[in-house]
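Enquirer: Sending over protein18.txt (compact mmCIF, C-alpha atoms).
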```
# COMPACT_ATOMS: atom_id res chain seq x y z
CA MET A 1 0.00 0.00 0.00
CA LYS A 2 2.99 2.30 -0.23
CA LEU A 3 2.55 5.12 -2.69
CA GLY A 4 4.26 8.03 -4.29
CA SER A 5 7.42 9.92 -4.83
CA SER A 6 10.41 9.97 -2.52
CA PRO A 7 10.66 12.54 0.28
CA ALA A 8 13.35 14.36 -1.72
CA GLU A 9 11.10 14.60 -4.76
CA ARG A 10 8.20 15.81 -2.65
CA PHE A 11 10.39 18.46 -1.03
CA ALA A 12 11.58 19.71 -4.43
CA VAL A 13 8.01 19.99 -5.73
CA ALA A 14 6.78 21.71 -2.58
CA LEU A 15 9.72 24.12 -2.57
CA ALA A 16 9.10 25.02 -6.20
CA ALA A 17 5.45 25.68 -5.46
CA CYS A 18 6.38 27.89 -2.51
CA LEU A 19 8.72 29.95 -4.69
CA LEU A 20 6.10 30.31 -7.40
CA THR A 21 3.43 31.46 -4.97
CA GLY A 22 5.74 33.64 -2.88
CA VAL A 23 5.04 31.81 0.40
CA ALA A 24 7.78 32.32 2.97
CA SER A 25 9.20 29.13 4.46
CA GLY A 26 8.59 30.39 8.00
CA ALA A 27 4.89 31.08 7.49
CA GLU A 28 3.40 27.71 8.40
CA PRO A 29 -0.40 27.74 8.00
CA ALA A 30 -2.39 26.60 11.01
CA PRO A 31 -4.06 23.19 10.61
CA SER A 32 -7.77 23.09 9.97
CA ALA A 33 -10.03 21.77 12.72
CA HIS A 34 -13.03 21.26 10.42
CA PRO A 35 -13.32 20.45 6.68
CA ARG A 36 -14.03 24.02 5.57
CA TRP A 37 -11.09 24.48 3.26
CA SER A 38 -11.71 26.66 0.23
CA HIS A 39 -11.59 23.69 -2.16
CA TRP A 40 -13.86 21.52 -0.01
CA PRO A 41 -17.27 20.89 -1.65
CA SER A 42 -20.01 23.21 -0.49
CA GLY A 43 -23.17 21.87 1.11
CA GLN A 44 -23.53 18.39 2.57
CA PHE A 45 -20.63 16.21 1.46
CA PHE A 46 -19.82 12.99 3.27
CA PRO A 47 -16.66 11.37 1.84
CA ILE A 48 -17.13 7.73 0.83
CA ALA A 49 -13.94 6.62 -0.87
CA VAL A 50 -12.13 3.69 -2.44
CA TRP A 51 -8.44 3.07 -1.90
CA LEU A 52 -5.93 3.08 -4.80
CA GLN A 53 -8.20 2.22 -7.70
CA ALA A 54 -7.87 2.75 -11.44
CA PRO A 55 -9.82 5.81 -12.64
CA ALA A 56 -11.00 3.68 -15.56
CA ASN A 57 -13.52 2.25 -13.07
CA ALA A 58 -14.58 5.67 -11.75
CA GLU A 59 -18.05 5.58 -13.28
CA ARG A 60 -18.77 2.15 -11.84
CA TYR A 61 -17.75 3.35 -8.41
CA ARG A 62 -19.88 6.47 -8.79
CA GLN A 63 -22.86 4.25 -9.55
CA ALA A 64 -22.09 2.32 -6.37
CA GLY A 65 -22.37 5.49 -4.28
CA PHE A 66 -18.70 6.42 -3.97
CA ASN A 67 -17.66 10.04 -4.38
CA THR A 68 -13.90 10.00 -3.74
CA PHE A 69 -10.73 8.16 -4.72
CA VAL A 70 -7.84 8.02 -2.23
CA GLY A 71 -4.48 7.41 -3.86
CA LEU A 72 -3.60 7.00 -7.53
CA TRP A 73 -1.05 4.49 -8.76
CA LYS A 74 1.99 6.45 -9.97
CA GLY A 75 -0.15 9.53 -10.06
CA PRO A 76 -1.88 11.77 -10.36
CA THR A 77 -1.39 11.93 -14.10
CA GLU A 78 -3.29 14.17 -16.49
CA ALA A 79 -5.21 11.16 -17.80
CA GLN A 80 -6.18 10.01 -14.29
CA LEU A 81 -7.48 13.44 -13.32
CA ALA A 82 -9.41 13.71 -16.58
CA ALA A 83 -11.10 10.34 -16.00
CA LEU A 84 -12.13 11.27 -12.46
CA ARG A 85 -13.34 14.68 -13.58
CA LYS A 86 -15.50 13.06 -16.27
CA ALA A 87 -17.12 10.78 -13.68
CA GLY A 88 -17.67 13.66 -11.25
CA LEU A 89 -15.49 12.12 -8.52
CA ARG A 90 -12.95 13.78 -6.23
CA VAL A 91 -9.49 12.54 -5.34
CA ILE A 92 -7.05 12.79 -2.46
CA CYS A 93 -3.65 12.32 -4.02
CA GLU A 94 0.04 13.01 -3.77
CA GLN A 95 1.31 16.51 -4.33
CA ASN A 96 3.36 15.80 -7.43
CA GLU A 97 4.19 18.13 -10.32
CA VAL A 98 1.00 17.30 -12.21
CA ALA A 99 -1.13 17.93 -9.15
CA LEU A 100 0.51 21.29 -8.50
CA ARG A 101 -0.43 22.36 -12.02
CA HIS A 102 -4.07 21.78 -11.03
CA LEU A 103 -4.41 23.86 -7.88
CA ASP A 104 -7.62 25.40 -9.25
CA ASP A 105 -9.12 22.01 -10.16
CA PRO A 106 -11.96 21.01 -7.80
CA THR A 107 -11.34 17.37 -8.73
CA ILE A 108 -8.45 17.42 -6.23
CA LEU A 109 -10.06 17.24 -2.80
CA GLY A 110 -6.90 16.98 -0.72
CA TRP A 111 -3.31 15.80 -0.39
CA MET A 112 -1.90 12.67 1.21
CA HIS A 113 1.18 11.38 2.96
CA ASP A 114 2.79 8.06 2.09
CA ASP A 115 0.66 5.29 3.54
CA GLU A 116 1.16 3.91 7.08
CA PRO A 117 4.33 5.73 8.12
CA ASP A 118 3.79 4.36 11.65
CA ASN A 119 4.69 0.86 10.45
CA ALA A 120 8.23 -0.49 10.08
CA GLN A 121 9.69 0.69 6.77
CA GLU A 122 11.36 -1.59 4.24
CA LEU A 123 15.09 -0.99 3.92
CA PRO A 124 16.65 -0.28 0.50
CA GLY A 125 17.30 -3.35 -1.60
CA LYS A 126 14.78 -5.36 0.42
CA ALA A 127 17.39 -5.74 3.13
CA GLY A 128 14.85 -6.12 5.89
CA TRP A 129 12.81 -3.68 7.91
CA GLY A 130 13.85 -0.53 9.67
CA PRO A 131 11.97 1.67 12.13
CA PRO A 132 8.79 3.58 11.30
CA VAL A 133 8.93 7.07 9.86
CA THR A 134 9.25 9.39 12.83
CA PRO A 135 6.38 11.71 13.79
CA GLU A 136 8.81 14.61 13.31
CA LYS A 137 9.33 13.62 9.66
CA VAL A 138 5.57 13.34 9.11
CA VAL A 139 5.09 16.84 10.56
CA GLU A 140 7.91 18.16 8.36
CA ASP A 141 6.27 16.72 5.22
CA TYR A 142 2.90 18.10 6.31
CA ARG A 143 4.33 21.60 6.61
CA ARG A 144 5.82 21.40 3.13
CA MET A 145 2.50 20.28 1.63
CA ARG A 146 0.61 23.02 3.47
CA LEU A 147 3.08 25.64 2.26
CA ALA A 148 2.54 24.50 -1.31
CA ASP A 149 -1.26 24.60 -0.96
CA ALA A 150 -3.19 25.46 2.21
CA SER A 151 -6.58 25.43 0.46
CA ARG A 152 -6.96 21.66 0.84
CA PRO A 153 -6.59 19.26 3.77
CA VAL A 154 -3.74 16.77 4.15
CA LEU A 155 -4.73 13.16 4.87
CA LEU A 156 -2.59 10.82 6.96
CA ASN A 157 -3.53 7.13 6.92
CA LEU A 158 -2.07 5.09 9.77
CA GLY A 159 -1.82 1.34 10.31
CA GLN A 160 -3.48 -1.12 12.65
CA GLY A 161 -1.33 -0.07 15.58
CA VAL A 162 -3.95 2.64 16.15
CA ALA A 163 -6.33 -0.03 17.43
CA TRP A 164 -3.88 -2.83 18.37
CA ASP A 165 -1.03 -1.95 20.72
CA GLY A 166 0.60 -5.34 20.14
CA TRP A 167 0.87 -4.94 16.35
CA TYR A 168 4.33 -6.29 15.62
CA GLY A 169 4.40 -4.57 12.23
CA ARG A 170 5.57 -1.40 13.96
CA GLY A 171 8.94 -3.01 14.60
CA VAL A 172 10.91 -1.24 17.31
CA ARG A 173 7.93 1.04 18.05
CA SER A 174 5.47 -1.77 18.78
CA LYS A 175 3.61 -1.17 22.06
CA HIS A 176 4.27 2.55 21.88
CA PRO A 177 0.83 4.14 21.38
CA GLU A 178 2.21 7.40 22.73
CA ASP A 179 3.63 8.02 19.24
CA TYR A 180 0.18 8.55 17.76
CA PRO A 181 -0.80 11.96 19.19
CA ARG A 182 2.51 13.22 17.75
CA TYR A 183 1.72 11.75 14.31
CA LEU A 184 -1.59 13.60 14.35
CA GLU A 185 0.26 16.90 14.43
CA GLY A 186 1.17 16.19 10.80
CA CYS A 187 -2.26 16.17 9.17
CA ASP A 188 -5.71 17.75 8.88
CA ILE A 189 -7.53 14.45 8.35
CA VAL A 190 -6.36 11.25 10.04
CA SER A 191 -7.44 7.74 9.07
CA PHE A 192 -6.37 4.20 9.94
CA ASP A 193 -6.98 0.62 8.81
CA ILE A 194 -7.58 -2.66 10.61
CA TYR A 195 -9.51 -5.56 9.05
CA PRO A 196 -10.74 -7.90 11.80
CA ALA A 197 -13.24 -9.89 9.73
CA VAL A 198 -10.42 -11.38 7.62
CA HIS A 199 -7.53 -11.01 10.06
CA ASP A 200 -5.14 -13.97 10.46
CA ARG A 201 -4.28 -13.36 14.11
CA PRO A 202 -6.62 -14.88 16.73
CA GLU A 203 -6.28 -11.85 19.01
CA ILE A 204 -7.84 -9.71 16.26
CA ALA A 205 -9.88 -12.06 14.04
CA GLY A 206 -13.62 -11.53 14.35
CA LYS A 207 -13.33 -8.61 16.78
CA LEU A 208 -15.13 -6.06 14.66
CA TRP A 209 -15.29 -3.58 17.53
CA LEU A 210 -11.58 -2.86 17.09
CA VAL A 211 -12.59 -0.68 14.15
CA ALA A 212 -14.65 1.47 16.52
CA GLN A 213 -11.87 1.38 19.12
CA GLY A 214 -9.42 2.85 16.63
CA VAL A 215 -11.85 5.60 15.67
CA GLU A 216 -12.44 6.40 19.36
CA ARG A 217 -8.71 6.61 19.96
CA LEU A 218 -8.14 8.98 17.05
CA VAL A 219 -11.00 11.21 18.21
CA SER A 220 -9.47 11.29 21.70
CA TRP A 221 -5.86 11.76 20.57
CA SER A 222 -6.83 14.58 18.21
CA GLU A 223 -8.76 16.46 20.93
CA GLY A 224 -11.18 17.66 18.26
CA LYS A 225 -8.42 19.30 16.23
CA ARG A 226 -8.34 16.77 13.41
CA VAL A 227 -11.06 15.19 11.28
CA VAL A 228 -11.19 11.41 11.73
CA TRP A 229 -11.82 8.92 8.92
CA ASN A 230 -11.22 5.17 8.78
CA CYS A 231 -10.84 2.28 6.35
CA LEU A 232 -13.25 -0.64 5.92
CA GLU A 233 -12.80 -4.16 4.58
CA CYS A 234 -15.19 -5.63 2.01
CA THR A 235 -13.18 -8.41 0.31
CA ARG A 236 -11.27 -11.46 1.48
CA ILE A 237 -8.01 -9.51 0.92
CA GLY A 238 -5.67 -12.46 1.57
CA ASN A 239 -7.85 -14.79 3.62
CA LEU A 240 -8.62 -17.98 1.68
CA ASP A 241 -11.12 -19.19 4.29
CA HIS A 242 -13.26 -16.15 4.97
CA LYS A 243 -14.37 -12.87 3.51
CA PRO A 244 -16.53 -10.25 5.24
CA THR A 245 -20.27 -10.64 5.05
CA PRO A 246 -22.50 -7.71 4.09
CA ARG A 247 -23.74 -7.68 7.71
CA GLU A 248 -20.17 -7.35 9.02
CA VAL A 249 -19.34 -4.54 6.59
CA ARG A 250 -22.50 -2.62 7.49
CA CYS A 251 -21.75 -3.13 11.16
CA GLU A 252 -18.19 -1.83 10.83
CA ALA A 253 -19.42 1.20 8.89
CA TRP A 254 -22.04 2.20 11.44
CA MET A 255 -19.73 1.42 14.37
CA SER A 256 -17.32 3.89 12.80
CA LEU A 257 -19.92 6.62 12.28
CA ILE A 258 -21.41 6.22 15.74
CA HIS A 259 -17.96 6.58 17.31
CA GLY A 260 -17.06 9.73 15.41
CA SER A 261 -15.76 8.90 11.94
CA LYS A 262 -16.43 11.62 9.35
CA GLY A 263 -15.33 9.70 6.26
CA LEU A 264 -15.02 6.09 5.07
CA ILE A 265 -12.39 4.52 2.79
CA PHE A 266 -13.17 1.06 1.41
CA PHE A 267 -10.24 -1.26 0.78
CA VAL A 268 -11.43 -3.26 -2.23
CA HIS A 269 -8.35 -5.24 -3.29
CA GLN A 270 -7.93 -9.01 -3.16
CA PHE A 271 -4.45 -10.56 -3.04
CA LYS A 272 -5.25 -14.28 -2.71
CA PRO A 273 -5.95 -16.72 -4.27
CA THR A 274 -5.44 -14.33 -7.22
CA PHE A 275 -4.82 -10.61 -7.35
CA ARG A 276 -7.88 -8.54 -8.19
CA GLU A 277 -7.53 -4.79 -7.88
CA ALA A 278 -11.28 -4.12 -7.99
CA ALA A 279 -12.53 -7.25 -6.23
CA LEU A 280 -15.59 -5.42 -4.91
CA LEU A 281 -16.79 -4.77 -8.46
CA ASP A 282 -16.49 -8.51 -9.20
CA ASP A 283 -18.66 -9.54 -6.21
CA PRO A 284 -22.36 -8.92 -7.06
CA GLU A 285 -23.66 -9.64 -3.55
CA MET A 286 -21.17 -7.42 -1.75
CA LEU A 287 -21.37 -4.71 -4.40
CA ALA A 288 -25.15 -4.51 -3.98
CA ALA A 289 -24.79 -4.37 -0.19
CA VAL A 290 -22.10 -1.67 -0.28
CA THR A 291 -24.11 0.35 -2.82
CA ALA A 292 -27.15 0.29 -0.53
CA LEU A 293 -24.98 1.18 2.47
CA ASN A 294 -23.33 4.09 0.66
CA ARG A 295 -26.66 5.50 -0.44
CA GLN A 296 -28.08 5.18 3.06
CA ILE A 297 -25.13 7.01 4.58
CA THR A 298 -25.28 9.72 1.93
CA GLU A 299 -28.99 10.27 2.59
CA LEU A 300 -28.37 10.49 6.33
CA ALA A 301 -25.25 12.68 6.07
CA PRO A 302 -27.15 15.86 7.06
CA VAL A 303 -28.41 14.05 10.16
CA LEU A 304 -24.92 12.87 11.10
CA GLU A 305 -23.74 16.49 11.11
CA ALA A 306 -26.74 17.72 13.17
CA PRO A 307 -26.66 18.53 16.91
CA ASP A 308 -26.76 15.65 19.38
CA ALA A 309 -30.02 14.69 21.08
CA PRO A 310 -29.28 13.47 24.63
CA ALA A 311 -30.19 9.81 25.08
CA THR A 312 -29.03 6.71 26.93
CA VAL A 313 -28.99 2.99 26.14
CA VAL A 314 -29.00 -0.07 28.40
CA SER A 315 -28.31 -3.54 27.00
CA ALA A 316 -30.06 -6.46 28.70
CA ASN A 317 -27.06 -8.66 27.90
CA ALA A 318 -23.94 -7.09 29.41
CA SER A 319 -21.72 -9.19 27.14
CA VAL A 320 -23.30 -7.53 24.08
CA PRO A 321 -23.05 -3.77 24.57
CA VAL A 322 -24.98 -1.53 22.21
CA ALA A 323 -23.47 1.75 20.99
CA MET A 324 -25.68 4.60 19.86
CA LEU A 325 -25.68 8.08 18.40
CA SER A 326 -28.73 10.33 18.67
CA LYS A 327 -29.31 13.45 16.58
CA ARG A 328 -31.89 16.21 16.17
CA HIS A 329 -32.48 17.32 12.58
CA HIS A 330 -35.23 19.54 11.15
CA GLY A 331 -37.47 18.94 14.12
CA ALA A 332 -37.09 15.16 14.06
CA THR A 333 -35.08 12.93 16.40
CA TYR A 334 -32.92 10.14 14.97
CA LEU A 335 -31.11 7.35 16.74
CA PHE A 336 -28.47 5.08 15.19
CA ALA A 337 -27.49 1.94 17.13
CA VAL A 338 -25.22 -1.08 16.65
CA ALA A 339 -24.54 -4.31 18.54
CA MET A 340 -20.86 -4.28 19.45
CA ARG A 341 -20.41 -8.03 19.83
CA ASP A 342 -21.33 -11.28 18.07
CA GLY A 343 -24.36 -12.03 20.24
CA ALA A 344 -27.99 -11.16 20.89
CA THR A 345 -29.55 -8.68 23.30
CA THR A 346 -32.45 -6.34 23.89
CA ALA A 347 -31.59 -2.65 24.19
CA ARG A 348 -33.67 0.03 25.88
CA PHE A 349 -33.23 3.60 24.67
CA THR A 350 -34.34 6.59 26.74
CA PHE A 351 -34.41 10.19 25.58
CA LYS A 352 -33.85 13.01 28.04
CA ASN A 353 -35.76 15.71 26.22
CA VAL A 354 -38.49 13.76 24.43
CA ALA A 355 -41.69 13.60 26.45
CA GLY A 356 -44.87 11.64 25.85
CA ASP A 357 -45.50 8.81 23.43
CA SER A 358 -44.25 8.51 19.87
CA LYS A 359 -43.99 6.08 17.02
CA VAL A 360 -40.50 4.93 16.18
CA ALA A 361 -39.91 4.19 12.50
CA VAL A 362 -37.11 1.68 11.91
CA LEU A 363 -35.45 3.00 8.76
CA ASP A 364 -35.24 0.65 5.77
CA GLU A 365 -36.75 -2.24 7.77
CA ASN A 366 -40.46 -1.66 7.09
CA ARG A 367 -41.40 -1.84 10.75
CA ALA A 368 -42.21 0.49 13.62
CA LEU A 369 -41.99 0.46 17.40
CA SER A 370 -43.83 2.32 20.14
CA MET A 371 -42.18 4.71 22.57
CA GLN A 372 -43.75 5.42 25.92
CA ASN A 373 -42.62 8.13 28.33
CA GLY A 374 -39.55 8.84 26.23
CA SER A 375 -38.33 5.21 26.09
CA PHE A 376 -38.48 2.23 23.71
CA GLN A 377 -36.70 -1.09 23.27
CA ASP A 378 -35.64 -3.29 20.38
CA ARG A 379 -33.99 -6.65 19.76
CA PHE A 380 -30.45 -6.92 18.35
CA GLY A 381 -28.94 -10.02 16.78
CA PRO A 382 -25.20 -10.52 16.15
CA TRP A 383 -23.67 -7.36 14.65
CA ASP A 384 -27.10 -5.86 14.04
CA VAL A 385 -27.53 -2.22 13.07
CA HIS A 386 -30.85 -0.44 13.60
CA LEU A 387 -31.57 3.14 12.58
CA TYR A 388 -34.60 4.95 14.02
CA ARG A 389 -36.61 8.11 13.42
CA LEU A 390 -39.03 9.27 16.10
CA VAL A 391 -42.42 10.40 14.88
CA PRO A 392 -44.48 12.31 17.51
CA ALA A 393 -47.92 10.82 18.16
CA ALA A 394 -50.84 12.70 16.59
CA LYS A 395 -52.73 14.88 19.04
```
What would you get if you wrote out this structure as structure tokens?

Expert:
Amino acid sequence: MKLGSSPAERFAVALAACLLTGVASGAEPAPSAHPRWSHWPSGQFFPIAVWLQAPANAERYRQAGFNTFVGLWKGPTEAQLAALRKAGLRVICEQNEVALRHLDDPTILGWMHDDEPDNAQELPGKAGWGPPVTPEKVVEDYRRMRLADASRPVLLNLGQGVAWDGWYGRGVRSKHPEDYPRYLEGCDIVSFDIYPAVHDRPEIAGKLWLVAQGVERLVSWSEGKRVVWNCLECTRIGNLDHKPTPREVRCEAWMSLIHGSKGLIFFVHQFKPTFREAALLDDPEMLAAVTALNRQITELAPVLEAPDAPATVVSANASVPVAMLSKRHHGATYLFAVAMRDGATTARFTFKNVAGDSKVAVLDENRALSMQNGSFQDRFGPWDVHLYRLVPAAK
């Protein structure tokens, strides 16, 4: 998943851009705390992206509800940008010479670091593995990109050490989570990836809640100063015995949103038994499920950005906690909830500022529940997601 030009090349490009635009090297722009950069789309825009895909498939991804590409192989090139522009998709890409010629092009949504600098880095000549890129180097690269163009955010995608302290892939910095708040100083948007549905380690495999744990950690480490995204699995990747189910993918997505993610990046490659770059597009069942999920999230994006509506949840089965997010939007109250373990429970939801009785519509499930005295309950199976809209009773 490593991408892009060398640090020396990036520095040369950034320095050239600074000289062309007359930006002084000491005038570091302040990082953005919210995605309101001048080249960010106006109105409601919730980023739903695919990782490192060929722009030749851009229209197919658009039809599946995606709006963003993250990463371009050996790019961006003029042809890649033209293909994405034709499909109406945005891209977060490296800040190469081609990209810097397109600073006025709204196709470019943001800039990106090399992938997973927190992991051990391969030594030249495949001579083994050295330490991770230091947080100081990530911050240095961030400053150079911001000096070249401060009108777009810089994305940093981190590895599974965000959610798993014991991840040995960090080499000499394994079990050092204290590095992560320092890495976050080098970005505007921070993301991470862990794929528990297809993981090969028993301490991770099947523990979908680690996706939410990583999001929670990034929200906490950033102290509200960075926008948090995360990656999702939807193919077998390299697991010959298992691939995620549509239920697991939907669960991971809503776990992420409920815990504070503001953007989703789908990893759609397969490496075994054969390499398939766009494996999601070759899987009709998963493609249909992801398309429905993307459209649901896009429709509810204005609600996700609305003010919170105070509420509580109690799970009848303590071994199956239920996480929830409650919002107030255009006079209506919404509640999004997910079972955080592979088990069944009944959850009771209580609203602090909703009095009386109401009907509770369960979105996209063709059923309704009754709420009495500001409280209702519902049944959750393994990894279930339920989305609710409260409808006040007629007077």

Enquirer: Could you tell me how far CA of Ile194 in chain A sits from CA of Val249 in chain A, in Å to one decimal place?

Expert: 12.6 Å

Enquirer: Name the closest residue to Tyr168 in chain A among the candidates A:Leu155, A:Ala120, A:Leu84, A:Val198; distances are taken between atoms, counting all atoms listed in the file.

Expert: A:Ala120

Enquirer: Give me the residues of range 182-294 of chain A that have any atom at most 12 Å from an atom of range 147-154 of chain A; for each, the nearest atom pair and the distance in Å, rounded to one decimal. Use only C-alpha atoms, sort by chain and number, and format it as a tab-separated table.

Expert:
```
residue	atom	partner	partner_atom	distance
A:Leu184	CA	A:Val154	CA	10.9
A:Glu185	CA	A:Val154	CA	11.0
A:Gly186	CA	A:Val154	CA	8.3
A:Cys187	CA	A:Val154	CA	5.3
A:Asp188	CA	A:Val154	CA	5.2
A:Ile189	CA	A:Val154	CA	6.1
A:Val190	CA	A:Val154	CA	8.5
A:Ser191	CA	A:Val154	CA	10.9
A:Arg226	CA	A:Pro153	CA	10.1
A:Val227	CA	A:Pro153	CA	9.6
A:Val228	CA	A:Val154	CA	11.9
```

Enquirer: Let me see the file: selected residues, C-alpha atoms, as an mmCIF file, in the frame of the given file.

Expert:
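The result, written out as result12.cif:
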```cif
data_model
loop_
_atom_site.group_PDB
_atom_site.id
_atom_site.type_symbol
_atom_site.label_atom_id
_atom_site.label_comp_id
_atom_site.auth_asym_id
_atom_site.auth_seq_id
_atom_site.Cartn_x
_atom_site.Cartn_y
_atom_site.Cartn_z
ATOM 1 C CA LEU A 184 -1.590 13.600 14.350
ATOM 2 C CA GLU A 185 0.260 16.900 14.430
ATOM 3 C CA GLY A 186 1.170 16.190 10.800
ATOM 4 C CA CYS A 187 -2.260 16.170 9.170
ATOM 5 C CA ASP A 188 -5.710 17.750 8.880
ATOM 6 C CA ILE A 189 -7.530 14.450 8.350
ATOM 7 C CA VAL A 190 -6.360 11.250 10.040
ATOM 8 C CA SER A 191 -7.440 7.740 9.070
ATOM 9 C CA ARG A 226 -8.340 16.770 13.410
ATOM 10 C CA VAL A 227 -11.060 15.190 11.280
ATOM 11 C CA VAL A 228 -11.190 11.410 11.730
#
```

Enquirer: Calculate how many Å separate CA of Trp37 in chain A from CA of Leu325 in chain A, rounding to one decimal.

Expert: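 Separation between CA of Trp37 in chain A and CA of Leu325 in chain A: 26.7 Å.
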
Enquirer: Between A:Ile92, A:Leu109, A:Leu387, A:Leu123, which is the closest to Ile297 in chain A once you count only C-alpha atoms?

Expert: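 Selected residue with least distance to Ile297 in chain A: A:Leu387.
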
Enquirer: Using all atoms listed in the file, which of A:Gly110, A:Pro132, A:Arg146, A:Asp342 sits nearest Lys207 in chain A?

Expert: A:Asp342

Enquirer: Neighbours of range 308-314 of chain A within 12 Å (all atoms listed in the file; same-chain residues fewer than 2 positions away dropped), as a ChimeraX atom specification?

Expert: /A:258,303-306,316-329,331-339,345-354,374-379,390

Enquirer: Restricted to C-alpha atoms, what would the selected residues look like written as a PDB file, in the coordinates of the input?

Expert:
```pdb
ATOM      1  CA  ILE A 258     -21.410   6.220  15.740  1.00  0.00           C
ATOM      2  CA  VAL A 303     -28.410  14.050  10.160  1.00  0.00           C
ATOM      3  CA  LEU A 304     -24.920  12.870  11.100  1.00  0.00           C
ATOM      4  CA  GLU A 305     -23.740  16.490  11.110  1.00  0.00           C
ATOM      5  CA  ALA A 306     -26.740  17.720  13.170  1.00  0.00           C
ATOM      6  CA  ALA A 316     -30.060  -6.460  28.700  1.00  0.00           C
ATOM      7  CA  ASN A 317     -27.060  -8.660  27.900  1.00  0.00           C
ATOM      8  CA  ALA A 318     -23.940  -7.090  29.410  1.00  0.00           C
ATOM      9  CA  SER A 319     -21.720  -9.190  27.140  1.00  0.00           C
ATOM     10  CA  VAL A 320     -23.300  -7.530  24.080  1.00  0.00           C
ATOM     11  CA  PRO A 321     -23.050  -3.770  24.570  1.00  0.00           C
ATOM     12  CA  VAL A 322     -24.980  -1.530  22.210  1.00  0.00           C
ATOM     13  CA  ALA A 323     -23.470   1.750  20.990  1.00  0.00           C
ATOM     14  CA  MET A 324     -25.680   4.600  19.860  1.00  0.00           C
ATOM     15  CA  LEU A 325     -25.680   8.080  18.400  1.00  0.00           C
ATOM     16  CA  SER A 326     -28.730  10.330  18.670  1.00  0.00           C
ATOM     17  CA  LYS A 327     -29.310  13.450  16.580  1.00  0.00           C
ATOM     18  CA  ARG A 328     -31.890  16.210  16.170  1.00  0.00           C
ATOM     19  CA  HIS A 329     -32.480  17.320  12.580  1.00  0.00           C
ATOM     20  CA  GLY A 331     -37.470  18.940  14.120  1.00  0.00           C
ATOM     21  CA  ALA A 332     -37.090  15.160  14.060  1.00  0.00           C
ATOM     22  CA  THR A 333     -35.080  12.930  16.400  1.00  0.00           C
ATOM     23  CA  TYR A 334     -32.920  10.140  14.970  1.00  0.00           C
ATOM     24  CA  LEU A 335     -31.110   7.350  16.740  1.00  0.00           C
ATOM     25  CA  PHE A 336     -28.470   5.080  15.190  1.00  0.00           C
ATOM     26  CA  ALA A 337     -27.490   1.940  17.130  1.00  0.00           C
ATOM     27  CA  VAL A 338     -25.220  -1.080  16.650  1.00  0.00           C
ATOM     28  CA  ALA A 339     -24.540  -4.310  18.540  1.00  0.00           C
ATOM     29  CA  THR A 345     -29.550  -8.680  23.300  1.00  0.00           C
ATOM     30  CA  THR A 346     -32.450  -6.340  23.890  1.00  0.00           C
ATOM     31  CA  ALA A 347     -31.590  -2.650  24.190  1.00  0.00           C
ATOM     32  CA  ARG A 348     -33.670   0.030  25.880  1.00  0.00           C
ATOM     33  CA  PHE A 349     -33.230   3.600  24.670  1.00  0.00           C
ATOM     34  CA  THR A 350     -34.340   6.590  26.740  1.00  0.00           C
ATOM     35  CA  PHE A 351     -34.410  10.190  25.580  1.00  0.00           C
ATOM     36  CA  LYS A 352     -33.850  13.010  28.040  1.00  0.00           C
ATOM     37  CA  ASN A 353     -35.760  15.710  26.220  1.00  0.00           C
ATOM     38  CA  VAL A 354     -38.490  13.760  24.430  1.00  0.00           C
ATOM     39  CA  GLY A 374     -39.550   8.840  26.230  1.00  0.00           C
ATOM     40  CA  SER A 375     -38.330   5.210  26.090  1.00  0.00           C
ATOM     41  CA  PHE A 376     -38.480   2.230  23.710  1.00  0.00           C
ATOM     42  CA  GLN A 377     -36.700  -1.090  23.270  1.00  0.00           C
ATOM     43  CA  ASP A 378     -35.640  -3.290  20.380  1.00  0.00           C
ATOM     44  CA  ARG A 379     -33.990  -6.650  19.760  1.00  0.00           C
ATOM     45  CA  LEU A 390     -39.030   9.270  16.100  1.00  0.00           C
TER      46      LEU A 390
END
```

Enquirer: Measuring between only C-alpha atoms, which one of A:Glu233, A:Glu285, A:Glu203, A:Glu252 shows the shortest distance to Gln270 in chain A?

Expert: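 Of the candidates, the smallest distance to Gln270 in chain A is held by A:Glu233.
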